[in-house]
$ cat my_file06.cif   # mmCIF, C-alpha atoms and all ligand atoms
data_entry
#
loop_
_atom_site.label_atom_id
_atom_site.label_comp_id
_atom_site.auth_asym_id
_atom_site.auth_seq_id
_atom_site.Cartn_x
_atom_site.Cartn_y
_atom_site.Cartn_z
CA MET A 1 -15.51 -3.27 -4.91
CA LYS A 2 -13.93 -0.59 -7.06
CA VAL A 3 -11.00 -1.65 -9.28
CA LYS A 4 -8.76 1.08 -7.83
CA ILE A 5 -9.36 -0.16 -4.25
CA LYS A 6 -8.63 -3.75 -5.31
CA LYS A 7 -5.35 -2.61 -6.86
CA ILE A 8 -4.28 -1.10 -3.52
CA LEU A 9 -5.31 -4.24 -1.57
CA ASN A 10 -3.49 -6.52 -4.01
CA LYS A 11 -0.18 -4.75 -3.42
CA LYS A 12 0.05 -6.05 0.16
CA ASN A 13 3.06 -8.38 0.43
CA LYS A 14 3.98 -7.71 -3.23
CA ARG A 15 5.34 -4.19 -3.50
CA LYS A 16 5.29 -1.05 -1.39
CA ILE A 17 2.41 1.36 -1.95
CA VAL A 18 3.42 4.90 -2.99
CA CYS A 19 1.27 7.69 -1.56
CA LEU A 20 1.58 11.49 -1.33
CA THR A 21 -0.71 14.38 -0.48
CA SER A 22 -2.03 16.90 -2.95
CA TYR A 23 -4.22 19.97 -2.60
CA SER A 24 -4.36 21.05 -6.25
CA LYS A 25 -4.62 20.00 -9.90
CA SER A 26 -1.09 21.13 -10.78
CA ILE A 27 0.53 18.90 -8.14
CA SER A 28 -1.72 15.89 -8.72
CA LYS A 29 -0.94 16.02 -12.45
CA ILE A 30 2.71 15.42 -11.53
CA LEU A 31 1.93 12.76 -8.88
CA ASP A 32 -0.42 10.94 -11.28
CA LYS A 33 2.40 9.06 -12.99
CA TYR A 34 4.01 7.76 -9.78
CA CYS A 35 1.50 7.48 -6.95
CA ASP A 36 -0.83 4.58 -6.17
CA LEU A 37 -2.81 6.83 -3.84
CA ILE A 38 -3.21 10.59 -3.50
CA LEU A 39 -4.53 11.96 -0.23
CA VAL A 40 -6.22 15.34 -0.05
CA GLY A 41 -5.06 15.71 3.54
CA ASP A 42 -6.51 18.06 6.10
CA SER A 43 -2.87 19.05 6.66
CA LEU A 44 -3.75 21.72 4.11
CA ALA A 45 -5.08 23.71 7.08
CA ASN A 46 -1.49 24.04 8.34
CA VAL A 47 0.35 24.02 5.03
CA LEU A 48 -1.83 26.35 2.95
CA TYR A 49 -3.89 28.32 5.44
CA GLY A 50 -1.29 28.75 8.20
CA ASN A 51 -3.56 27.35 10.93
CA LYS A 52 -1.92 25.96 14.08
CA THR A 53 -4.25 22.93 14.04
CA THR A 54 -6.55 21.22 11.54
CA HIS A 55 -9.53 21.75 13.83
CA GLU A 56 -11.18 24.75 12.20
CA LEU A 57 -11.11 23.39 8.67
CA LYS A 58 -14.48 23.51 6.88
CA LEU A 59 -15.94 20.64 4.86
CA GLN A 60 -16.40 23.02 1.91
CA THR A 61 -12.69 23.91 1.92
CA MET A 62 -11.79 20.20 1.65
CA ILE A 63 -14.32 19.79 -1.17
CA ASN A 64 -12.93 22.76 -3.11
CA HIS A 65 -9.36 21.44 -2.95
CA ALA A 66 -10.43 17.86 -3.69
CA LYS A 67 -12.28 19.06 -6.82
CA SER A 68 -9.05 20.57 -8.06
CA VAL A 69 -7.05 17.42 -7.20
CA THR A 70 -9.35 15.01 -9.06
CA LEU A 71 -8.99 17.15 -12.20
CA GLY A 72 -5.30 16.27 -12.30
CA ALA A 73 -5.34 12.69 -10.95
CA LYS A 74 -6.51 10.01 -13.33
CA LYS A 75 -4.62 6.85 -12.33
CA PRO A 76 -4.21 6.91 -8.53
CA LEU A 77 -6.87 6.28 -5.93
CA VAL A 78 -7.91 9.69 -4.59
CA VAL A 79 -8.77 9.75 -0.89
CA VAL A 80 -10.17 12.84 0.83
CA ASP A 81 -9.73 13.56 4.55
CA MET A 82 -12.92 14.33 6.43
CA PRO A 83 -12.35 17.40 8.61
CA LYS A 84 -12.84 17.32 12.37
CA GLY A 85 -16.49 17.60 13.35
CA SER A 86 -17.80 16.33 10.00
CA TYR A 87 -18.06 12.70 11.17
CA THR A 88 -19.25 12.90 14.75
CA ARG A 89 -22.49 10.92 14.31
CA PRO A 90 -23.09 8.03 11.84
CA LYS A 91 -25.94 9.69 9.88
CA GLN A 92 -24.14 13.04 9.61
CA ALA A 93 -20.87 11.29 8.69
CA VAL A 94 -22.47 9.29 5.88
CA GLN A 95 -24.25 12.40 4.55
CA ASN A 96 -21.03 14.41 4.52
CA ALA A 97 -19.01 11.56 2.96
CA LYS A 98 -21.60 11.20 0.19
CA LYS A 99 -21.38 14.95 -0.45
CA ILE A 100 -17.57 14.74 -0.74
CA LEU A 101 -17.73 11.71 -3.08
CA LYS A 102 -20.42 13.25 -5.29
CA GLU A 103 -19.00 16.76 -5.58
CA THR A 104 -15.32 15.86 -5.91
CA LYS A 105 -15.53 12.51 -7.77
CA CYS A 106 -12.89 11.12 -5.38
CA ASP A 107 -12.71 7.36 -4.70
CA ALA A 108 -12.67 7.15 -0.91
CA ILE A 109 -12.56 9.11 2.32
CA LYS A 110 -10.27 8.98 5.36
CA ILE A 111 -11.12 9.59 8.98
CA GLU A 112 -8.91 9.77 12.05
CA ASN A 113 -9.79 7.05 14.52
CA ASN A 114 -10.28 7.38 18.24
CA PRO A 115 -11.54 4.71 20.67
CA HIS A 116 -15.12 5.92 20.19
CA ASN A 117 -15.64 6.19 16.44
CA LEU A 118 -15.64 2.59 15.24
CA ASN A 119 -19.39 2.99 14.65
CA ILE A 120 -18.56 5.63 12.02
CA VAL A 121 -16.35 3.17 10.08
CA LYS A 122 -19.18 0.60 10.29
CA ALA A 123 -21.72 3.16 9.03
CA PHE A 124 -19.51 3.91 6.00
CA THR A 125 -19.11 0.21 5.25
CA LYS A 126 -22.88 -0.31 5.49
CA SER A 127 -23.35 2.56 3.01
CA LYS A 128 -20.68 1.09 0.67
CA ILE A 129 -18.37 4.09 1.20
CA ASN A 130 -14.70 3.17 0.92
CA VAL A 131 -12.99 4.34 4.09
CA MET A 132 -9.40 4.56 5.20
CA GLY A 133 -8.57 4.62 8.93
CA HIS A 134 -5.81 6.57 10.69
CA ILE A 135 -4.22 5.66 14.05
CA GLY A 136 -1.17 6.65 16.09
CA PHE A 137 -0.64 10.39 16.22
CA THR A 138 -4.02 11.72 15.07
CA PRO A 139 -3.85 15.54 15.04
CA GLN A 140 -7.65 15.99 15.08
CA PHE A 141 -7.86 14.32 18.51
CA LYS A 142 -4.43 14.74 20.12
CA LYS A 143 -3.05 18.01 21.38
CA LYS A 144 0.60 17.12 21.88
CA PHE A 145 2.89 15.30 19.46
CA LYS A 146 4.10 11.94 20.72
CA VAL A 147 5.51 8.82 19.09
CA GLU A 148 2.99 6.04 19.81
CA GLY A 149 3.42 2.33 20.56
CA LYS A 150 6.66 2.61 22.49
CA ASN A 151 5.53 0.41 25.37
CA LYS A 152 3.65 -2.93 25.58
CA ILE A 153 0.33 -1.40 26.69
CA GLU A 154 0.29 1.16 23.86
CA GLN A 155 1.33 -1.56 21.41
CA LYS A 156 -1.53 -3.84 22.54
CA ASN A 157 -4.09 -1.04 22.30
CA LEU A 158 -2.94 0.10 18.85
CA LEU A 159 -3.01 -3.46 17.55
CA LYS A 160 -6.49 -4.07 19.02
CA ASN A 161 -7.78 -0.83 17.53
CA ALA A 162 -6.25 -1.55 14.11
CA LYS A 163 -7.88 -5.01 14.01
CA LYS A 164 -11.25 -3.53 14.95
CA ILE A 165 -10.95 -0.91 12.19
CA GLU A 166 -10.16 -3.66 9.69
CA GLU A 167 -13.12 -5.75 10.90
CA ALA A 168 -15.35 -2.68 10.62
CA GLY A 169 -14.55 -2.57 6.90
CA ALA A 170 -11.73 -0.04 6.29
CA PHE A 171 -9.70 -0.84 3.17
CA SER A 172 -6.43 0.55 4.59
CA ILE A 173 -5.02 2.34 7.66
CA VAL A 174 -2.57 5.21 8.01
CA LEU A 175 -0.08 4.63 10.82
CA GLU A 176 1.24 8.01 11.94
CA CYS A 177 4.37 8.22 14.10
CA ILE A 178 4.22 4.68 15.46
CA GLU A 179 7.33 2.93 16.79
CA LYS A 180 8.95 0.48 14.35
CA LYS A 181 8.21 -2.85 16.13
CA THR A 182 4.59 -1.86 16.75
CA ALA A 183 4.16 -0.77 13.12
CA GLN A 184 5.62 -4.12 12.04
CA LYS A 185 3.24 -6.08 14.30
CA ILE A 186 0.19 -4.17 13.07
CA THR A 187 1.25 -4.61 9.43
CA LYS A 188 1.77 -8.36 9.92
CA CYS A 189 -1.53 -8.88 11.72
CA LEU A 190 -3.73 -7.03 9.24
CA LYS A 191 -4.94 -8.25 5.87
CA ILE A 192 -5.44 -4.67 4.69
CA PRO A 193 -2.42 -2.48 3.83
CA THR A 194 -0.88 -0.09 6.34
CA ILE A 195 0.43 3.24 5.07
CA GLY A 196 3.13 4.74 7.24
CA ILE A 197 4.14 8.30 7.99
CA GLY A 198 6.92 8.48 10.56
CA SER A 199 6.28 4.78 11.27
CA SER A 200 9.39 3.11 9.78
CA ASN A 201 9.79 1.00 6.63
CA MET A 202 7.78 -1.85 8.18
CA CYS A 203 4.49 -0.60 6.71
CA ASP A 204 2.95 -1.73 3.41
CA GLY A 205 3.31 1.75 1.94
CA GLN A 206 4.54 5.25 2.68
CA ILE A 207 2.99 8.70 2.61
CA LEU A 208 4.48 12.15 3.11
CA VAL A 209 3.04 15.63 2.86
CA THR A 210 4.25 16.68 -0.60
CA ASP A 211 4.98 20.27 0.44
CA ASP A 212 7.27 18.92 3.20
CA MET A 213 9.24 16.49 1.01
CA LEU A 214 9.66 19.17 -1.66
CA GLY A 215 11.12 21.59 0.87
CA LEU A 216 8.29 24.06 0.42
CA SER A 217 6.42 24.02 3.73
CA GLY A 218 9.26 24.85 6.14
CA PHE A 219 8.15 21.88 8.30
CA TYR A 220 10.81 19.18 8.43
CA PRO A 221 10.49 16.81 11.41
CA LYS A 222 12.74 13.73 11.67
CA PHE A 223 10.48 11.52 9.55
CA VAL A 224 10.48 13.91 6.56
CA LYS A 225 13.15 13.46 3.93
CA LYS A 226 13.61 16.59 1.84
CA TYR A 227 13.80 15.37 -1.78
CA ALA A 228 14.07 18.93 -3.13
CA ASN A 229 14.50 22.46 -1.89
CA LEU A 230 11.75 24.25 -3.78
CA GLN A 231 11.79 27.16 -1.35
CA LYS A 232 15.30 27.93 -2.60
CA THR A 233 14.50 27.21 -6.25
CA ILE A 234 11.48 29.53 -6.16
CA ASP A 235 13.41 32.18 -4.23
CA ASN A 236 16.13 32.18 -6.90
CA ALA A 237 13.56 32.53 -9.69
CA ILE A 238 11.73 35.41 -7.96
CA LYS A 239 15.07 37.12 -7.18
CA GLN A 240 15.97 36.98 -10.88
CA PHE A 241 12.55 38.36 -11.88
CA ASP A 242 12.87 41.16 -9.32
CA LYS A 243 16.28 42.10 -10.70
CA GLU A 244 15.25 41.98 -14.37
CA VAL A 245 12.10 44.05 -13.85
CA LYS A 246 14.05 46.72 -11.97
CA LEU A 247 16.80 46.79 -14.65
CA ASN A 248 14.15 46.85 -17.43
CA LYS A 249 15.57 43.55 -18.78
CA PHE A 250 12.17 41.86 -18.67
CA PRO A 251 10.14 41.71 -20.83
CA GLN A 252 12.36 41.53 -23.90
CA GLY A 253 11.22 41.58 -27.49
CA LYS A 254 10.42 37.84 -27.49
CA ASN A 255 8.05 38.32 -24.58
CA SER A 256 6.27 41.31 -26.15
CA PHE A 257 3.64 41.74 -28.88
O1 LIG A 301 -3.58 15.39 6.54
C1 LIG A 301 -2.64 14.71 6.08
O2 LIG A 301 -1.87 15.15 5.22
C2 LIG A 301 -2.51 13.36 6.60
C3 LIG A 301 -1.22 12.66 6.31
C4 LIG A 301 -0.17 13.21 7.18
C5 LIG A 301 -1.34 11.19 6.45
O3 LIG A 301 -3.37 12.86 7.25
#
$ encode --input "my_file06.cif" --output "structure tokens"
Amino acid sequence: MKVKIKKILNKKNKRKIVCLTSYSKSISKILDKYCDLILVGDSLANVLYGNKTTHELKLQTMINHAKSVTLGAKKPLVVVDMPKGSYTRPKQAVQNAKKILKETKCDAIKIENNPHNLNIVKAFTKSKINVMGHIGFTPQFKKKFKVEGKNKIEQKNLLKNAKKIEEAGAFSIVLECIEKKTAQKITKCLKIPTIGIGSSNMCDGQILVTDDMLGLSGFYPKFVKKYANLQKTIDNAIKQFDKEVKLNKFPQGKNSF
């Protein structure tokens, strides 16, 4: 098993795992110092390309962004999301995952789980491909947003599914928008770390979409804490540039040859 994967596994019950998304070299260079794991999330379809869903995202688009990310990330484990439709059948899934790993030099891949794709996790494990699972609100398979695990039946099903994903060989699981008690139960029952987004502080680690937490995406649901307001910071900088160009105050002598 890769050293970077072991490092993530060893953090369970010791300290919380710090994860964020990145779609480019410039952002991953900044995250490098702080993050244990960087995810090249398929959320880039919404954040960068303005798509309503992640469903139309091409494998090649993920590869292009992941190539940029791995240039800037040296220390963290880099995980790349497999886009919808790229892991429908075991043979095709393994082929596509190998392509991602080879072309981007990332460490692992992530898939969204549904009740029918456990065989895909098993196929990755058999091919020695490090795979991260994803349960709860899984945007590739669910049309409407809903917090999951709020009743006993949902809790039982999520727990059963999480255990099966662990048994199938995943090294970690993202819990997206899962109710606190259910997230706590899953985290306690699994040996592998759970990474929460909108799933309380009961998980082994946390992930947010970086553009959301930096106040750049314009998407701020309840579970996002805005750590900065880059939209405003950038707006102020562009406003200043606009003014100085129009008043012929930029460029000055020091910016000219
Ligand atoms: O695509 C993504 O950014 C994700 C995170 C929200 C976990 O899957």
$ atom_distance --input "my_file06.cif" --atom1 "CA of Ile173 (chain A)" --atom2 "CA of Lys84 (chain A)"
17.5 Å
$ closest_residue --input "my_file06.cif" --among "A:Ile111, A:Met213, A:Leu77, A:Ala183" --to "Asn201 (chain A)" --atoms "only C-alpha atoms"
A:Ala183
$ residues_near_ligand --input "my_file06.cif" --ligand "ligand LIG 301 (chain A)" --cutoff "9 Å" --atoms "all atoms listed in the file" --output "PyMOL selection string"
chain A and resi 20-22+39-45+54+81+110-112+134+138-139+174-176+195-197+207-210
$ closest_residue --input "my_file06.cif" --among "A:Asn119, A:Thr104, A:Asn161, A:Thr70" --to "Leu31 (chain A)" --atoms "all atoms listed in the file"
A:Thr70
$ atom_distance --input "my_file06.cif" --atom1 "CA of Asn229 (chain A)" --atom2 "CA of Glu56 (chain A)"
29.4 Å
$ residues_around --input "my_file06.cif" --residues "Lys188 (chain A)" --least-positions-apart "3" --cutoff "12 Å" --atoms "only C-alpha atoms" --output "number ranges by chain"
A: 12-13, 159, 162-163, 181-185, 191-194, 202-204
$ write_last_selection --input "my_file06.cif" --atoms "C-alpha atoms" --output "JSON list (two decimals), in the coordinates of the input"
[["chain", "number", "residue", "atom", "x", "y", "z"],
["A", 12, "LYS", "CA", 0.05, -6.05, 0.16],
["A", 13, "ASN", "CA", 3.06, -8.38, 0.43],
["A", 159, "LEU", "CA", -3.01, -3.46, 17.55],
["A", 162, "ALA", "CA", -6.25, -1.55, 14.11],
["A", 163, "LYS", "CA", -7.88, -5.01, 14.01],
["A", 181, "LYS", "CA", 8.21, -2.85, 16.13],
["A", 182, "THR", "CA", 4.59, -1.86, 16.75],
["A", 183, "ALA", "CA", 4.16, -0.77, 13.12],
["A", 184, "GLN", "CA", 5.62, -4.12, 12.04],
["A", 185, "LYS", "CA", 3.24, -6.08, 14.30],
["A", 191, "LYS", "CA", -4.94, -8.25, 5.87],
["A", 192, "ILE", "CA", -5.44, -4.67, 4.69],
["A", 193, "PRO", "CA", -2.42, -2.48, 3.83],
["A", 194, "THR", "CA", -0.88, -0.09, 6.34],
["A", 202, "MET", "CA", 7.78, -1.85, 8.18],
["A", 203, "CYS", "CA", 4.49, -0.60, 6.71],
["A", 204, "ASP", "CA", 2.95, -1.73, 3.41]]
$ residues_around --input "my_file06.cif" --residues "Ile120 (chain A)" --least-positions-apart "6" --cutoff "8 Å" --atoms "all atoms listed in the file" --output "PyMOL selection string"
chain A and resi 87-90+93
$ axis_aligned_box --input "my_file06.cif" --around "region 51-65 of chain A" --padding-each-side "3 Å" --output "lines of an AutoDock Vina configuration file"
center_x = -9.2
center_y = 23.6
center_z = 5.5
size_x = 20.5
size_y = 13.6
size_z = 23.2
$ closest_residue --input "my_file06.cif" --among "A:Val18, A:Leu57, A:Ala97, A:Cys35" --to "Ile109 (chain A)" --atoms "only C-alpha atoms"
A:Ala97
$ atom_distance --input "my_file06.cif" --atom1 "CA of Val121 (chain A)" --atom2 "CA of Lys75 (chain A)"
25.6 Å
$ closest_residue --input "my_file06.cif" --among "A:Phe250, A:Phe124, A:Phe257, A:Phe145" --to "Ala168 (chain A)" --atoms "all atoms listed in the file"
A:Phe124
$ residues_around --input "my_file06.cif" --residues "Lys225 (chain A)" --least-positions-apart "4" --cutoff "10 Å" --atoms "all atoms listed in the file" --output "PyMOL selection string"
chain A and resi 208+212-215+220-221
$ write_last_selection --input "my_file06.cif" --atoms "C-alpha atoms" --output "CSV table (one decimal), keeping the file's coordinate frame"
chain,number,residue,atom,x,y,z
A,208,LEU,CA,4.5,12.2,3.1
A,212,ASP,CA,7.3,18.9,3.2
A,213,MET,CA,9.2,16.5,1.0
A,214,LEU,CA,9.7,19.2,-1.7
A,215,GLY,CA,11.1,21.6,0.9
A,220,TYR,CA,10.8,19.2,8.4
A,221,PRO,CA,10.5,16.8,11.4
$ residues_around --input "my_file06.cif" --residues "Lys7 (chain A)" --least-positions-apart "3" --cutoff "12 Å" --atoms "all atoms listed in the file" --output "list in words"
Met1, Lys2, Val3, Lys4, Asn10, Lys11, Lys12, Lys14, Arg15, Ile17, Asp36, Leu37, Lys75, Pro76, Leu77, Phe171, Ser172, Ile192 and Pro193 of chain A
$ closest_residue --input "my_file06.cif" --among "A:Lys16, A:Lys99, A:Lys232, A:Lys254" --to "Leu59 (chain A)" --atoms "all atoms listed in the file"
A:Lys99
$ residues_near_point --input "my_file06.cif" --point "(2.4, 8.3, 23.1)" --cutoff "10 Å" --atoms "only C-alpha atoms" --output "JSON, numbers by chain"
{"A": [136, 137, 142, 144, 145, 146, 147, 148, 149, 150, 151, 154, 177, 178, 179]}
$ closest_residue --input "my_file06.cif" --among "A:Pro115, A:Gly169, A:Gly85, A:Gly50" --to "Asn130 (chain A)" --atoms "all atoms listed in the file"
A:Gly169
$ build_atoms --input "my_file06.cif" --residues "region 54-75 of chain A" --atoms "N, CA, C and O atoms" --output "mmCIF file, in the coordinates of the input"
data_model
loop_
_atom_site.group_PDB
_atom_site.id
_atom_site.type_symbol
_atom_site.label_atom_id
_atom_site.label_comp_id
_atom_site.auth_asym_id
_atom_site.auth_seq_id
_atom_site.Cartn_x
_atom_site.Cartn_y
_atom_site.Cartn_z
ATOM 1 N N THR A 54 -5.647 21.515 12.670
ATOM 2 C CA THR A 54 -6.550 21.220 11.540
ATOM 3 C C THR A 54 -8.010 21.382 11.976
ATOM 4 O O THR A 54 -8.917 21.111 11.191
ATOM 5 N N HIS A 55 -8.210 21.846 13.205
ATOM 6 C CA HIS A 55 -9.530 21.750 13.830
ATOM 7 C C HIS A 55 -10.604 22.669 13.253
ATOM 8 O O HIS A 55 -11.791 22.397 13.371
ATOM 9 N N GLU A 56 -10.185 23.775 12.670
ATOM 10 C CA GLU A 56 -11.180 24.750 12.200
ATOM 11 C C GLU A 56 -11.549 24.562 10.729
ATOM 12 O O GLU A 56 -12.373 25.293 10.186
ATOM 13 N N LEU A 57 -10.920 23.587 10.106
ATOM 14 C CA LEU A 57 -11.110 23.390 8.670
ATOM 15 C C LEU A 57 -12.565 23.056 8.325
ATOM 16 O O LEU A 57 -13.183 22.218 8.956
ATOM 17 N N LYS A 58 -13.075 23.727 7.288
ATOM 18 C CA LYS A 58 -14.480 23.510 6.880
ATOM 19 C C LYS A 58 -14.551 22.393 5.831
ATOM 20 O O LYS A 58 -13.645 22.241 5.009
ATOM 21 N N LEU A 59 -15.687 21.699 5.837
ATOM 22 C CA LEU A 59 -15.940 20.640 4.860
ATOM 23 C C LEU A 59 -15.840 21.216 3.436
ATOM 24 O O LEU A 59 -15.254 20.605 2.535
ATOM 25 N N GLN A 60 -16.397 22.419 3.256
ATOM 26 C CA GLN A 60 -16.400 23.020 1.910
ATOM 27 C C GLN A 60 -14.979 23.301 1.407
ATOM 28 O O GLN A 60 -14.715 23.171 0.211
ATOM 29 N N THR A 61 -14.079 23.649 2.323
ATOM 30 C CA THR A 61 -12.690 23.910 1.920
ATOM 31 C C THR A 61 -12.057 22.617 1.393
ATOM 32 O O THR A 61 -11.388 22.615 0.359
ATOM 33 N N MET A 62 -12.310 21.507 2.106
ATOM 34 C CA MET A 62 -11.790 20.200 1.650
ATOM 35 C C MET A 62 -12.369 19.861 0.280
ATOM 36 O O MET A 62 -11.657 19.379 -0.598
ATOM 37 N N ILE A 63 -13.657 20.107 0.105
ATOM 38 C CA ILE A 63 -14.320 19.790 -1.170
ATOM 39 C C ILE A 63 -13.702 20.615 -2.305
ATOM 40 O O ILE A 63 -13.407 20.090 -3.381
ATOM 41 N N ASN A 64 -13.490 21.898 -2.058
ATOM 42 C CA ASN A 64 -12.930 22.760 -3.110
ATOM 43 C C ASN A 64 -11.551 22.270 -3.558
ATOM 44 O O ASN A 64 -11.277 22.184 -4.760
ATOM 45 N N HIS A 65 -10.699 21.931 -2.598
ATOM 46 C CA HIS A 65 -9.360 21.440 -2.950
ATOM 47 C C HIS A 65 -9.427 20.072 -3.630
ATOM 48 O O HIS A 65 -8.708 19.817 -4.594
ATOM 49 N N ALA A 66 -10.315 19.209 -3.119
ATOM 50 C CA ALA A 66 -10.430 17.860 -3.690
ATOM 51 C C ALA A 66 -10.925 17.920 -5.143
ATOM 52 O O ALA A 66 -10.494 17.117 -5.977
ATOM 53 N N LYS A 67 -11.788 18.887 -5.437
ATOM 54 C CA LYS A 67 -12.280 19.060 -6.820
ATOM 55 C C LYS A 67 -11.116 19.373 -7.747
ATOM 56 O O LYS A 67 -11.028 18.866 -8.865
ATOM 57 N N SER A 68 -10.222 20.212 -7.275
ATOM 58 C CA SER A 68 -9.050 20.570 -8.060
ATOM 59 C C SER A 68 -8.132 19.351 -8.242
ATOM 60 O O SER A 68 -7.654 19.072 -9.348
ATOM 61 N N VAL A 69 -7.942 18.598 -7.159
ATOM 62 C CA VAL A 69 -7.050 17.420 -7.200
ATOM 63 C C VAL A 69 -7.551 16.378 -8.203
ATOM 64 O O VAL A 69 -6.771 15.858 -9.006
ATOM 65 N N THR A 70 -8.842 16.072 -8.179
ATOM 66 C CA THR A 70 -9.350 15.010 -9.060
ATOM 67 C C THR A 70 -9.265 15.418 -10.538
ATOM 68 O O THR A 70 -9.264 14.558 -11.415
ATOM 69 N N LEU A 71 -9.170 16.717 -10.808
ATOM 70 C CA LEU A 71 -8.990 17.150 -12.200
ATOM 71 C C LEU A 71 -7.636 16.706 -12.753
ATOM 72 O O LEU A 71 -7.491 16.449 -13.945
ATOM 73 N N GLY A 72 -6.650 16.613 -11.858
ATOM 74 C CA GLY A 72 -5.300 16.270 -12.300
ATOM 75 C C GLY A 72 -4.918 14.816 -12.090
ATOM 76 O O GLY A 72 -3.921 14.343 -12.629
ATOM 77 N N ALA A 73 -5.701 14.088 -11.295
ATOM 78 C CA ALA A 73 -5.340 12.690 -10.950
ATOM 79 C C ALA A 73 -6.251 11.720 -11.671
ATOM 80 O O ALA A 73 -7.444 11.675 -11.390
ATOM 81 N N LYS A 74 -5.688 10.961 -12.572
ATOM 82 C CA LYS A 74 -6.510 10.010 -13.330
ATOM 83 C C LYS A 74 -6.263 8.573 -12.865
ATOM 84 O O LYS A 74 -7.182 7.796 -12.726
ATOM 85 N N LYS A 75 -4.999 8.241 -12.646
ATOM 86 C CA LYS A 75 -4.620 6.850 -12.330
ATOM 87 C C LYS A 75 -4.744 6.503 -10.845
ATOM 88 O O LYS A 75 -5.305 5.459 -10.508
#
